[in-house]
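my_file-v7.pdb (PDB, N, CA, C and O atoms)
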```
ATOM      1  N   MET S   1     -39.182-120.135  50.657
ATOM      2  CA  MET S   1     -38.800-118.754  50.848
ATOM      3  C   MET S   1     -39.630-117.869  49.918
ATOM      4  O   MET S   1     -39.732-118.120  48.732
ATOM      5  N   ALA S   2     -40.217-116.838  50.477
ATOM      6  CA  ALA S   2     -41.065-115.938  49.704
ATOM      7  C   ALA S   2     -40.207-115.049  48.802
ATOM      8  O   ALA S   2     -39.102-114.676  49.145
ATOM      9  N   ALA S   3     -40.757-114.751  47.653
ATOM     10  CA  ALA S   3     -40.060-113.875  46.714
ATOM     11  C   ALA S   3     -40.050-112.449  47.253
ATOM     12  O   ALA S   3     -41.005-112.012  47.888
ATOM     13  N   LEU S   4     -38.978-111.748  46.994
ATOM     14  CA  LEU S   4     -38.862-110.367  47.440
ATOM     15  C   LEU S   4     -39.690-109.447  46.551
ATOM     16  O   LEU S   4     -39.790-109.658  45.351
ATOM     17  N   THR S   5     -40.247-108.438  47.171
ATOM     18  CA  THR S   5     -40.962-107.432  46.399
ATOM     19  C   THR S   5     -39.947-106.515  45.722
ATOM     20  O   THR S   5     -38.770-106.509  46.078
ATOM     21  N   LEU S   6     -40.414-105.731  44.789
ATOM     22  CA  LEU S   6     -39.541-104.787  44.105
ATOM     23  C   LEU S   6     -38.916-103.821  45.110
ATOM     24  O   LEU S   6     -37.723-103.531  45.050
ATOM     25  N   SER S   7     -39.715-103.351  46.042
ATOM     26  CA  SER S   7     -39.219-102.420  47.046
ATOM     27  C   SER S   7     -38.125-103.062  47.903
ATOM     28  O   SER S   7     -37.118-102.423  48.218
ATOM     29  N   GLU S   8     -38.308-104.318  48.272
ATOM     30  CA  GLU S   8     -37.294-105.026  49.064
ATOM     31  C   GLU S   8     -36.004-105.206  48.269
ATOM     32  O   GLU S   8     -34.905-105.051  48.812
ATOM     33  N   LYS S   9     -36.142-105.515  46.991
ATOM     34  CA  LYS S   9     -34.965-105.650  46.142
ATOM     35  C   LYS S   9     -34.227-104.316  46.024
ATOM     36  O   LYS S   9     -32.997-104.265  46.075
ATOM     37  N   LEU S  10     -34.990-103.241  45.871
ATOM     38  CA  LEU S  10     -34.373-101.919  45.792
ATOM     39  C   LEU S  10     -33.721-101.535  47.116
ATOM     40  O   LEU S  10     -32.661-100.899  47.123
ATOM     41  N   ASP S  11     -34.326-101.930  48.223
ATOM     42  CA  ASP S  11     -33.703-101.696  49.533
ATOM     43  C   ASP S  11     -32.371-102.438  49.632
ATOM     44  O   ASP S  11     -31.390-101.907  50.159
ATOM     45  N   GLN S  12     -32.336-103.661  49.119
ATOM     46  CA  GLN S  12     -31.089-104.428  49.117
ATOM     47  C   GLN S  12     -30.025-103.733  48.263
ATOM     48  O   GLN S  12     -28.860-103.683  48.649
ATOM     49  N   LEU S  13     -30.434-103.205  47.116
ATOM     50  CA  LEU S  13     -29.495-102.454  46.279
ATOM     51  C   LEU S  13     -28.977-101.229  47.031
ATOM     52  O   LEU S  13     -27.796-100.887  46.936
ATOM     53  N   GLY S  14     -29.857-100.586  47.756
ATOM     54  CA  GLY S  14     -29.452 -99.428  48.559
ATOM     55  C   GLY S  14     -28.435 -99.802  49.613
ATOM     56  O   GLY S  14     -27.456 -99.084  49.836
ATOM     57  N   ASN S  15     -28.660-100.950  50.245
ATOM     58  CA  ASN S  15     -27.711-101.438  51.251
ATOM     59  C   ASN S  15     -26.361-101.749  50.615
ATOM     60  O   ASN S  15     -25.307-101.412  51.162
ATOM     61  N   ARG S  16     -26.390-102.380  49.463
ATOM     62  CA  ARG S  16     -25.151-102.704  48.750
ATOM     63  C   ARG S  16     -24.431-101.425  48.325
ATOM     64  O   ARG S  16     -23.212-101.332  48.415
ATOM     65  N   TYR S  17     -25.197-100.442  47.901
ATOM     66  CA  TYR S  17     -24.632 -99.160  47.515
ATOM     67  C   TYR S  17     -23.900 -98.517  48.693
ATOM     68  O   TYR S  17     -22.795 -97.988  48.546
ATOM     69  N   GLU S  18     -24.516 -98.569  49.862
ATOM     70  CA  GLU S  18     -23.882 -98.018  51.065
ATOM     71  C   GLU S  18     -22.598 -98.770  51.405
ATOM     72  O   GLU S  18     -21.606 -98.161  51.803
ATOM     73  N   GLU S  19     -22.627-100.101  51.265
ATOM     74  CA  GLU S  19     -21.423-100.894  51.495
ATOM     75  C   GLU S  19     -20.311-100.470  50.542
ATOM     76  O   GLU S  19     -19.155-100.318  50.943
ATOM     77  N   MET S  20     -20.671-100.285  49.275
ATOM     78  CA  MET S  20     -19.694 -99.866  48.271
ATOM     79  C   MET S  20     -19.127 -98.488  48.608
ATOM     80  O   MET S  20     -17.926 -98.248  48.445
ATOM     81  N   THR S  21     -19.986 -97.597  49.069
ATOM     82  CA  THR S  21     -19.538 -96.259  49.447
ATOM     83  C   THR S  21     -18.487 -96.348  50.547
ATOM     84  O   THR S  21     -17.456 -95.679  50.487
ATOM     85  N   GLN S  22     -18.759 -97.198  51.532
ATOM     86  CA  GLN S  22     -17.793 -97.392  52.619
ATOM     87  C   GLN S  22     -16.485 -97.986  52.096
ATOM     88  O   GLN S  22     -15.403 -97.565  52.484
ATOM     89  N   GLN S  23     -16.606 -98.969  51.227
ATOM     90  CA  GLN S  23     -15.416 -99.607  50.676
ATOM     91  C   GLN S  23     -14.578 -98.623  49.871
ATOM     92  O   GLN S  23     -13.344 -98.639  49.946
ATOM     93  N   LEU S  24     -15.242 -97.784  49.089
ATOM     94  CA  LEU S  24     -14.519 -96.815  48.259
ATOM     95  C   LEU S  24     -13.767 -95.789  49.100
ATOM     96  O   LEU S  24     -12.761 -95.241  48.655
ATOM     97  N   SER S  25     -14.254 -95.546  50.305
ATOM     98  CA  SER S  25     -13.589 -94.572  51.161
ATOM     99  C   SER S  25     -12.526 -95.214  52.052
ATOM    100  O   SER S  25     -11.845 -94.518  52.785
ATOM    101  N   SER S  26     -12.381 -96.526  51.978
ATOM    102  CA  SER S  26     -11.379 -97.199  52.800
ATOM    103  C   SER S  26     -10.037 -97.245  52.080
ATOM    104  O   SER S  26      -9.970 -97.350  50.855
ATOM    105  N   ALA S  27      -8.998 -97.169  52.841
ATOM    106  CA  ALA S  27      -7.643 -97.200  52.274
ATOM    107  C   ALA S  27      -7.339 -98.568  51.673
ATOM    108  O   ALA S  27      -6.554 -98.673  50.731
ATOM    109  N   GLU S  28      -7.970 -99.604  52.190
ATOM    110  CA  GLU S  28      -7.688-100.970  51.728
ATOM    111  C   GLU S  28      -7.973-101.144  50.239
ATOM    112  O   GLU S  28      -7.170-101.717  49.515
ATOM    113  N   ILE S  29      -9.105-100.669  49.785
ATOM    114  CA  ILE S  29      -9.481-100.867  48.386
ATOM    115  C   ILE S  29      -8.588-100.045  47.463
ATOM    116  O   ILE S  29      -8.233-100.487  46.379
ATOM    117  N   VAL S  30      -8.198 -98.884  47.910
ATOM    118  CA  VAL S  30      -7.342 -98.035  47.088
ATOM    119  C   VAL S  30      -5.968 -98.667  46.926
ATOM    120  O   VAL S  30      -5.393 -98.671  45.842
ATOM    121  N   THR S  31      -5.457 -99.262  48.004
ATOM    122  CA  THR S  31      -4.135 -99.874  47.939
ATOM    123  C   THR S  31      -4.182-101.302  47.408
ATOM    124  O   THR S  31      -3.156-101.837  47.023
ATOM    125  N   ASP S  32      -5.359-101.925  47.393
ATOM    126  CA  ASP S  32      -5.498-103.308  46.931
ATOM    127  C   ASP S  32      -5.040-103.431  45.488
ATOM    128  O   ASP S  32      -4.101-104.145  45.184
ATOM    129  N   SER S  33      -5.731-102.799  44.615
ATOM    130  CA  SER S  33      -5.311-102.753  43.216
ATOM    131  C   SER S  33      -6.185-101.740  42.494
ATOM    132  O   SER S  33      -7.359-101.559  42.834
ATOM    133  N   SER S  34      -5.612-101.108  41.513
ATOM    134  CA  SER S  34      -6.392-100.101  40.803
ATOM    135  C   SER S  34      -7.536-100.744  40.032
ATOM    136  O   SER S  34      -8.593-100.153  39.857
ATOM    137  N   ARG S  35      -7.356-101.983  39.605
ATOM    138  CA  ARG S  35      -8.413-102.676  38.858
ATOM    139  C   ARG S  35      -9.623-102.946  39.755
ATOM    140  O   ARG S  35     -10.764-102.744  39.344
ATOM    141  N   ALA S  36      -9.380-103.403  40.980
ATOM    142  CA  ALA S  36     -10.478-103.663  41.923
ATOM    143  C   ALA S  36     -11.188-102.361  42.265
ATOM    144  O   ALA S  36     -12.422-102.316  42.344
ATOM    145  N   PHE S  37     -10.418-101.301  42.450
ATOM    146  CA  PHE S  37     -11.011-100.001  42.746
ATOM    147  C   PHE S  37     -11.874 -99.527  41.581
ATOM    148  O   PHE S  37     -12.996 -99.057  41.786
ATOM    149  N   GLN S  38     -11.369 -99.654  40.377
ATOM    150  CA  GLN S  38     -12.120 -99.222  39.197
ATOM    151  C   GLN S  38     -13.405-100.014  39.040
ATOM    152  O   GLN S  38     -14.458 -99.453  38.711
ATOM    153  N   LYS S  39     -13.329-101.309  39.274
ATOM    154  CA  LYS S  39     -14.522-102.159  39.159
ATOM    155  C   LYS S  39     -15.578-101.737  40.181
ATOM    156  O   LYS S  39     -16.755-101.595  39.846
ATOM    157  N   LEU S  40     -15.137-101.535  41.418
ATOM    158  CA  LEU S  40     -16.058-101.136  42.479
ATOM    159  C   LEU S  40     -16.639 -99.751  42.194
ATOM    160  O   LEU S  40     -17.843 -99.527  42.354
ATOM    161  N   ALA S  41     -15.799 -98.838  41.740
ATOM    162  CA  ALA S  41     -16.263 -97.485  41.429
ATOM    163  C   ALA S  41     -17.295 -97.510  40.301
ATOM    164  O   ALA S  41     -18.291 -96.773  40.333
ATOM    165  N   LYS S  42     -17.079 -98.360  39.309
ATOM    166  CA  LYS S  42     -18.029 -98.465  38.194
ATOM    167  C   LYS S  42     -19.372 -99.018  38.681
ATOM    168  O   LYS S  42     -20.435 -98.486  38.332
ATOM    169  N   GLN S  43     -19.336-100.075  39.485
ATOM    170  CA  GLN S  43     -20.571-100.650  40.021
ATOM    171  C   GLN S  43     -21.311 -99.620  40.880
ATOM    172  O   GLN S  43     -22.528 -99.485  40.805
ATOM    173  N   HIS S  44     -20.558 -98.910  41.697
ATOM    174  CA  HIS S  44     -21.126 -97.883  42.566
ATOM    175  C   HIS S  44     -21.818 -96.810  41.731
ATOM    176  O   HIS S  44     -22.944 -96.403  42.015
ATOM    177  N   SER S  45     -21.159 -96.386  40.683
ATOM    178  CA  SER S  45     -21.707 -95.370  39.789
ATOM    179  C   SER S  45     -22.979 -95.848  39.105
ATOM    180  O   SER S  45     -23.948 -95.088  38.955
ATOM    181  N   GLU S  46     -22.998 -97.106  38.686
ATOM    182  CA  GLU S  46     -24.169 -97.667  38.006
ATOM    183  C   GLU S  46     -25.382 -97.739  38.930
ATOM    184  O   GLU S  46     -26.522 -97.604  38.477
ATOM    185  N   LEU S  47     -25.151 -97.950  40.221
ATOM    186  CA  LEU S  47     -26.259 -98.045  41.174
ATOM    187  C   LEU S  47     -26.740 -96.681  41.650
ATOM    188  O   LEU S  47     -27.865 -96.564  42.142
ATOM    189  N   ALA S  48     -25.920 -95.659  41.505
ATOM    190  CA  ALA S  48     -26.216 -94.343  42.089
ATOM    191  C   ALA S  48     -27.586 -93.808  41.686
ATOM    192  O   ALA S  48     -28.377 -93.402  42.539
ATOM    193  N   GLU S  49     -27.902 -93.809  40.404
ATOM    194  CA  GLU S  49     -29.168 -93.232  39.955
ATOM    195  C   GLU S  49     -30.366 -94.042  40.460
ATOM    196  O   GLU S  49     -31.365 -93.483  40.918
ATOM    197  N   ILE S  50     -30.250 -95.364  40.419
ATOM    198  CA  ILE S  50     -31.340 -96.226  40.888
ATOM    199  C   ILE S  50     -31.589 -95.991  42.375
ATOM    200  O   ILE S  50     -32.735 -95.826  42.805
ATOM    201  N   VAL S  51     -30.526 -95.979  43.143
ATOM    202  CA  VAL S  51     -30.646 -95.795  44.594
ATOM    203  C   VAL S  51     -31.221 -94.414  44.910
ATOM    204  O   VAL S  51     -32.115 -94.280  45.747
ATOM    205  N   THR S  52     -30.746 -93.400  44.216
ATOM    206  CA  THR S  52     -31.241 -92.041  44.439
ATOM    207  C   THR S  52     -32.734 -91.956  44.140
ATOM    208  O   THR S  52     -33.505 -91.394  44.933
ATOM    209  N   LYS S  53     -33.161 -92.506  43.019
ATOM    210  CA  LYS S  53     -34.584 -92.462  42.647
ATOM    211  C   LYS S  53     -35.434 -93.249  43.630
ATOM    212  O   LYS S  53     -36.542 -92.831  43.980
ATOM    213  N   HIS S  54     -34.930 -94.395  44.093
ATOM    214  CA  HIS S  54     -35.687 -95.182  45.065
ATOM    215  C   HIS S  54     -35.835 -94.421  46.378
ATOM    216  O   HIS S  54     -36.909 -94.414  46.989
ATOM    217  N   ARG S  55     -34.781 -93.758  46.815
ATOM    218  CA  ARG S  55     -34.854 -92.958  48.042
ATOM    219  C   ARG S  55     -35.842 -91.808  47.884
ATOM    220  O   ARG S  55     -36.600 -91.509  48.816
ATOM    221  N   GLU S  56     -35.826 -91.167  46.726
ATOM    222  CA  GLU S  56     -36.791 -90.094  46.467
ATOM    223  C   GLU S  56     -38.219 -90.640  46.512
ATOM    224  O   GLU S  56     -39.117 -90.014  47.087
ATOM    225  N   PHE S  57     -38.424 -91.802  45.906
ATOM    226  CA  PHE S  57     -39.751 -92.419  45.892
ATOM    227  C   PHE S  57     -40.214 -92.737  47.310
ATOM    228  O   PHE S  57     -41.367 -92.470  47.674
ATOM    229  N   LYS S  58     -39.318 -93.297  48.126
ATOM    230  CA  LYS S  58     -39.673 -93.627  49.502
ATOM    231  C   LYS S  58     -40.014 -92.371  50.291
ATOM    232  O   LYS S  58     -40.940 -92.377  51.112
ATOM    233  N   GLN S  59     -39.290 -91.281  50.040
ATOM    234  CA  GLN S  59     -39.584 -90.025  50.734
ATOM    235  C   GLN S  59     -40.942 -89.485  50.305
ATOM    236  O   GLN S  59     -41.719 -88.995  51.129
ATOM    237  N   ILE S  60     -41.252 -89.584  49.033
ATOM    238  CA  ILE S  60     -42.559 -89.140  48.539
ATOM    239  C   ILE S  60     -43.667 -89.970  49.174
ATOM    240  O   ILE S  60     -44.702 -89.425  49.591
ATOM    241  N   GLU S  61     -43.465 -91.288  49.270
ATOM    242  CA  GLU S  61     -44.463 -92.145  49.929
ATOM    243  C   GLU S  61     -44.661 -91.728  51.378
ATOM    244  O   GLU S  61     -45.801 -91.656  51.864
ATOM    245  N   LYS S  62     -43.571 -91.437  52.054
ATOM    246  CA  LYS S  62     -43.635 -91.024  53.455
ATOM    247  C   LYS S  62     -44.371 -89.692  53.585
ATOM    248  O   LYS S  62     -45.225 -89.532  54.458
ATOM    249  N   ASP S  63     -44.038 -88.747  52.703
ATOM    250  CA  ASP S  63     -44.712 -87.442  52.724
ATOM    251  C   ASP S  63     -46.196 -87.586  52.427
ATOM    252  O   ASP S  63     -47.035 -86.938  53.055
ATOM    253  N   LEU S  64     -46.531 -88.434  51.471
ATOM    254  CA  LEU S  64     -47.925 -88.668  51.110
ATOM    255  C   LEU S  64     -48.693 -89.289  52.279
ATOM    256  O   LEU S  64     -49.825 -88.890  52.573
ATOM    257  N   ALA S  65     -48.067 -90.238  52.949
ATOM    258  CA  ALA S  65     -48.716 -90.856  54.108
ATOM    259  C   ALA S  65     -48.948 -89.818  55.206
ATOM    260  O   ALA S  65     -49.996 -89.815  55.856
ATOM    261  N   GLY S  66     -47.981 -88.927  55.398
ATOM    262  CA  GLY S  66     -48.138 -87.863  56.391
ATOM    263  C   GLY S  66     -49.269 -86.923  56.025
ATOM    264  O   GLY S  66     -50.068 -86.522  56.886
ATOM    265  N   ALA S  67     -49.350 -86.566  54.755
ATOM    266  CA  ALA S  67     -50.427 -85.688  54.290
ATOM    267  C   ALA S  67     -51.782 -86.373  54.446
ATOM    268  O   ALA S  67     -52.762 -85.749  54.862
ATOM    269  N   HIS S  68     -51.830 -87.651  54.139
ATOM    270  CA  HIS S  68     -53.074 -88.419  54.282
ATOM    271  C   HIS S  68     -53.498 -88.443  55.748
ATOM    272  O   HIS S  68     -54.691 -88.265  56.060
ATOM    273  N   GLN S  69     -52.556 -88.637  56.629
ATOM    274  CA  GLN S  69     -52.856 -88.658  58.056
ATOM    275  C   GLN S  69     -53.394 -87.301  58.513
ATOM    276  O   GLN S  69     -54.340 -87.238  59.301
ATOM    277  N   MET S  70     -52.824 -86.235  58.002
ATOM    278  CA  MET S  70     -53.301 -84.894  58.350
ATOM    279  C   MET S  70     -54.739 -84.689  57.895
ATOM    280  O   MET S  70     -55.564 -84.117  58.609
ATOM    281  N   VAL S  71     -55.049 -85.174  56.696
ATOM    282  CA  VAL S  71     -56.419 -85.060  56.178
ATOM    283  C   VAL S  71     -57.383 -85.837  57.063
ATOM    284  O   VAL S  71     -58.456 -85.330  57.430
ATOM    285  N   LEU S  72     -56.992 -87.043  57.456
ATOM    286  CA  LEU S  72     -57.861 -87.850  58.332
ATOM    287  C   LEU S  72     -58.067 -87.173  59.670
ATOM    288  O   LEU S  72     -59.190 -87.174  60.200
ATOM    289  N   GLU S  73     -57.016 -86.609  60.219
ATOM    290  CA  GLU S  73     -57.136 -85.927  61.513
ATOM    291  C   GLU S  73     -58.016 -84.691  61.407
ATOM    292  O   GLU S  73     -58.791 -84.397  62.312
ATOM    293  N   THR S  74     -57.917 -83.976  60.300
ATOM    294  CA  THR S  74     -58.750 -82.792  60.083
ATOM    295  C   THR S  74     -60.224 -83.189  59.984
ATOM    296  O   THR S  74     -61.094 -82.507  60.537
ATOM    297  N   LYS S  75     -60.498 -84.294  59.290
ATOM    298  CA  LYS S  75     -61.891 -84.757  59.157
ATOM    299  C   LYS S  75     -62.468 -85.189  60.477
ATOM    300  O   LYS S  75     -63.661 -84.992  60.748
ATOM    301  N   THR S  76     -61.693 -85.805  61.330
ATOM    302  CA  THR S  76     -62.213 -86.293  62.594
ATOM    303  C   THR S  76     -62.433 -85.154  63.599
ATOM    304  O   THR S  76     -63.221 -85.305  64.521
ATOM    305  N   ARG S  77     -61.771 -84.011  63.412
ATOM    306  CA  ARG S  77     -61.959 -82.862  64.297
ATOM    307  C   ARG S  77     -63.249 -82.116  64.002
ATOM    308  O   ARG S  77     -63.764 -81.403  64.830
ATOM    309  N   LYS S  78     -63.751 -82.261  62.790
ATOM    310  CA  LYS S  78     -64.953 -81.507  62.388
ATOM    311  C   LYS S  78     -66.194 -82.108  62.922
ATOM    312  O   LYS S  78     -66.533 -83.048  63.284
TER
END
```
Just dump the structure as structure tokens.
Amino acid sequence: MAALTLSEKLDQLGNRYEEMTQQLSSAEIVTDSSRAFQKLAKQHSELAEIVTKHREFKQIEKDLAGAHQMVLETKTRK
């Protein structure tokens, strides 16, 4: 099995973060126990900044690729 890249690992964290978000909004976790809710909320909070920064980075990469494509298209028109 090939090792995951940093980006793939961050994508997995993002997926886990989304799962946690769903769990935190479900009635089951709130009624399960306050300790389980607190643990999940803490983990969710700890991932928030990492996930946010990774999403920003991915958007910047996407924007940069779009800008690069525009430059290439402009050069080929001349």
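Between atom C of Ser25 in chain S and atom N of Ala41 in chain S the separation is 11.4 Å.
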Name the residues that the PyMOL selection byres (((chain S and resi 50-62 and name CA) around 12) and name CA) pulls out of this structure, and write them as a PDB file with N, CA, C and O atoms, in the frame of the given file.
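What landed in out-v3.pdb:
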```
ATOM      1  N   LEU S   6     -40.414-105.731  44.789  1.00  0.00           N
ATOM      2  CA  LEU S   6     -39.541-104.787  44.105  1.00  0.00           C
ATOM      3  C   LEU S   6     -38.916-103.821  45.110  1.00  0.00           C
ATOM      4  O   LEU S   6     -37.723-103.531  45.050  1.00  0.00           O
ATOM      5  N   SER S   7     -39.715-103.351  46.042  1.00  0.00           N
ATOM      6  CA  SER S   7     -39.219-102.420  47.046  1.00  0.00           C
ATOM      7  C   SER S   7     -38.125-103.062  47.903  1.00  0.00           C
ATOM      8  O   SER S   7     -37.118-102.423  48.218  1.00  0.00           O
ATOM      9  N   GLU S   8     -38.308-104.318  48.272  1.00  0.00           N
ATOM     10  CA  GLU S   8     -37.294-105.026  49.064  1.00  0.00           C
ATOM     11  C   GLU S   8     -36.004-105.206  48.269  1.00  0.00           C
ATOM     12  O   GLU S   8     -34.905-105.051  48.812  1.00  0.00           O
ATOM     13  N   LYS S   9     -36.142-105.515  46.991  1.00  0.00           N
ATOM     14  CA  LYS S   9     -34.965-105.650  46.142  1.00  0.00           C
ATOM     15  C   LYS S   9     -34.227-104.316  46.024  1.00  0.00           C
ATOM     16  O   LYS S   9     -32.997-104.265  46.075  1.00  0.00           O
ATOM     17  N   LEU S  10     -34.990-103.241  45.871  1.00  0.00           N
ATOM     18  CA  LEU S  10     -34.373-101.919  45.792  1.00  0.00           C
ATOM     19  C   LEU S  10     -33.721-101.535  47.116  1.00  0.00           C
ATOM     20  O   LEU S  10     -32.661-100.899  47.123  1.00  0.00           O
ATOM     21  N   ASP S  11     -34.326-101.930  48.223  1.00  0.00           N
ATOM     22  CA  ASP S  11     -33.703-101.696  49.533  1.00  0.00           C
ATOM     23  C   ASP S  11     -32.371-102.438  49.632  1.00  0.00           C
ATOM     24  O   ASP S  11     -31.390-101.907  50.159  1.00  0.00           O
ATOM     25  N   GLN S  12     -32.336-103.661  49.119  1.00  0.00           N
ATOM     26  CA  GLN S  12     -31.089-104.428  49.117  1.00  0.00           C
ATOM     27  C   GLN S  12     -30.025-103.733  48.263  1.00  0.00           C
ATOM     28  O   GLN S  12     -28.860-103.683  48.649  1.00  0.00           O
ATOM     29  N   LEU S  13     -30.434-103.205  47.116  1.00  0.00           N
ATOM     30  CA  LEU S  13     -29.495-102.454  46.279  1.00  0.00           C
ATOM     31  C   LEU S  13     -28.977-101.229  47.031  1.00  0.00           C
ATOM     32  O   LEU S  13     -27.796-100.887  46.936  1.00  0.00           O
ATOM     33  N   GLY S  14     -29.857-100.586  47.756  1.00  0.00           N
ATOM     34  CA  GLY S  14     -29.452 -99.428  48.559  1.00  0.00           C
ATOM     35  C   GLY S  14     -28.435 -99.802  49.613  1.00  0.00           C
ATOM     36  O   GLY S  14     -27.456 -99.084  49.836  1.00  0.00           O
ATOM     37  N   ASN S  15     -28.660-100.950  50.245  1.00  0.00           N
ATOM     38  CA  ASN S  15     -27.711-101.438  51.251  1.00  0.00           C
ATOM     39  C   ASN S  15     -26.361-101.749  50.615  1.00  0.00           C
ATOM     40  O   ASN S  15     -25.307-101.412  51.162  1.00  0.00           O
ATOM     41  N   ARG S  16     -26.390-102.380  49.463  1.00  0.00           N
ATOM     42  CA  ARG S  16     -25.151-102.704  48.750  1.00  0.00           C
ATOM     43  C   ARG S  16     -24.431-101.425  48.325  1.00  0.00           C
ATOM     44  O   ARG S  16     -23.212-101.332  48.415  1.00  0.00           O
ATOM     45  N   TYR S  17     -25.197-100.442  47.901  1.00  0.00           N
ATOM     46  CA  TYR S  17     -24.632 -99.160  47.515  1.00  0.00           C
ATOM     47  C   TYR S  17     -23.900 -98.517  48.693  1.00  0.00           C
ATOM     48  O   TYR S  17     -22.795 -97.988  48.546  1.00  0.00           O
ATOM     49  N   GLU S  18     -24.516 -98.569  49.862  1.00  0.00           N
ATOM     50  CA  GLU S  18     -23.882 -98.018  51.065  1.00  0.00           C
ATOM     51  C   GLU S  18     -22.598 -98.770  51.405  1.00  0.00           C
ATOM     52  O   GLU S  18     -21.606 -98.161  51.803  1.00  0.00           O
ATOM     53  N   GLN S  43     -19.336-100.075  39.485  1.00  0.00           N
ATOM     54  CA  GLN S  43     -20.571-100.650  40.021  1.00  0.00           C
ATOM     55  C   GLN S  43     -21.311 -99.620  40.880  1.00  0.00           C
ATOM     56  O   GLN S  43     -22.528 -99.485  40.805  1.00  0.00           O
ATOM     57  N   HIS S  44     -20.558 -98.910  41.697  1.00  0.00           N
ATOM     58  CA  HIS S  44     -21.126 -97.883  42.566  1.00  0.00           C
ATOM     59  C   HIS S  44     -21.818 -96.810  41.731  1.00  0.00           C
ATOM     60  O   HIS S  44     -22.944 -96.403  42.015  1.00  0.00           O
ATOM     61  N   SER S  45     -21.159 -96.386  40.683  1.00  0.00           N
ATOM     62  CA  SER S  45     -21.707 -95.370  39.789  1.00  0.00           C
ATOM     63  C   SER S  45     -22.979 -95.848  39.105  1.00  0.00           C
ATOM     64  O   SER S  45     -23.948 -95.088  38.955  1.00  0.00           O
ATOM     65  N   GLU S  46     -22.998 -97.106  38.686  1.00  0.00           N
ATOM     66  CA  GLU S  46     -24.169 -97.667  38.006  1.00  0.00           C
ATOM     67  C   GLU S  46     -25.382 -97.739  38.930  1.00  0.00           C
ATOM     68  O   GLU S  46     -26.522 -97.604  38.477  1.00  0.00           O
ATOM     69  N   LEU S  47     -25.151 -97.950  40.221  1.00  0.00           N
ATOM     70  CA  LEU S  47     -26.259 -98.045  41.174  1.00  0.00           C
ATOM     71  C   LEU S  47     -26.740 -96.681  41.650  1.00  0.00           C
ATOM     72  O   LEU S  47     -27.865 -96.564  42.142  1.00  0.00           O
ATOM     73  N   ALA S  48     -25.920 -95.659  41.505  1.00  0.00           N
ATOM     74  CA  ALA S  48     -26.216 -94.343  42.089  1.00  0.00           C
ATOM     75  C   ALA S  48     -27.586 -93.808  41.686  1.00  0.00           C
ATOM     76  O   ALA S  48     -28.377 -93.402  42.539  1.00  0.00           O
ATOM     77  N   GLU S  49     -27.902 -93.809  40.404  1.00  0.00           N
ATOM     78  CA  GLU S  49     -29.168 -93.232  39.955  1.00  0.00           C
ATOM     79  C   GLU S  49     -30.366 -94.042  40.460  1.00  0.00           C
ATOM     80  O   GLU S  49     -31.365 -93.483  40.918  1.00  0.00           O
ATOM     81  N   ASP S  63     -44.038 -88.747  52.703  1.00  0.00           N
ATOM     82  CA  ASP S  63     -44.712 -87.442  52.724  1.00  0.00           C
ATOM     83  C   ASP S  63     -46.196 -87.586  52.427  1.00  0.00           C
ATOM     84  O   ASP S  63     -47.035 -86.938  53.055  1.00  0.00           O
ATOM     85  N   LEU S  64     -46.531 -88.434  51.471  1.00  0.00           N
ATOM     86  CA  LEU S  64     -47.925 -88.668  51.110  1.00  0.00           C
ATOM     87  C   LEU S  64     -48.693 -89.289  52.279  1.00  0.00           C
ATOM     88  O   LEU S  64     -49.825 -88.890  52.573  1.00  0.00           O
ATOM     89  N   ALA S  65     -48.067 -90.238  52.949  1.00  0.00           N
ATOM     90  CA  ALA S  65     -48.716 -90.856  54.108  1.00  0.00           C
ATOM     91  C   ALA S  65     -48.948 -89.818  55.206  1.00  0.00           C
ATOM     92  O   ALA S  65     -49.996 -89.815  55.856  1.00  0.00           O
ATOM     93  N   GLY S  66     -47.981 -88.927  55.398  1.00  0.00           N
ATOM     94  CA  GLY S  66     -48.138 -87.863  56.391  1.00  0.00           C
ATOM     95  C   GLY S  66     -49.269 -86.923  56.025  1.00  0.00           C
ATOM     96  O   GLY S  66     -50.068 -86.522  56.886  1.00  0.00           O
ATOM     97  N   ALA S  67     -49.350 -86.566  54.755  1.00  0.00           N
ATOM     98  CA  ALA S  67     -50.427 -85.688  54.290  1.00  0.00           C
ATOM     99  C   ALA S  67     -51.782 -86.373  54.446  1.00  0.00           C
ATOM    100  O   ALA S  67     -52.762 -85.749  54.862  1.00  0.00           O
ATOM    101  N   HIS S  68     -51.830 -87.651  54.139  1.00  0.00           N
ATOM    102  CA  HIS S  68     -53.074 -88.419  54.282  1.00  0.00           C
ATOM    103  C   HIS S  68     -53.498 -88.443  55.748  1.00  0.00           C
ATOM    104  O   HIS S  68     -54.691 -88.265  56.060  1.00  0.00           O
ATOM    105  N   GLN S  69     -52.556 -88.637  56.629  1.00  0.00           N
ATOM    106  CA  GLN S  69     -52.856 -88.658  58.056  1.00  0.00           C
ATOM    107  C   GLN S  69     -53.394 -87.301  58.513  1.00  0.00           C
ATOM    108  O   GLN S  69     -54.340 -87.238  59.301  1.00  0.00           O
TER     109      GLN S  69
END
```
- In Å, rounded to a single decimal, give me how far CA of Leu4 in chain S is from CA of Lys39 in chain S. 27.0 Å
- Item | Pairwise distance for atom C of Lys42 in chain S and atom N of Ala3 in chain S, rounded to one decimal in Å | 28.0 Å
For range 9-24 of chain S, what centre and edge lengths in Å (one decimal) does the axis-aligned box get once 6 Å is added on each side of all its listed atoms, as lines of an AutoDock Vina configuration file?
```
center_x = -24.5
center_y = -100.4
center_z = 49.2
size_x = 35.4
size_y = 22.4
size_z = 18.8
```
- Task: Would you please extract all helix (DSSP H, G or I) residues from range 1-49 of chain S, as assigned by DSSP on the backbone, and give them as a PyMOL selection string?
- Result: chain S and resi 6-24+27-32+34-49
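Considering all atoms listed in the file, the residue among S:Thr74, S:Leu40, S:Ser34, S:Thr5 positioned nearest to Thr21 in chain S is S:Leu40.
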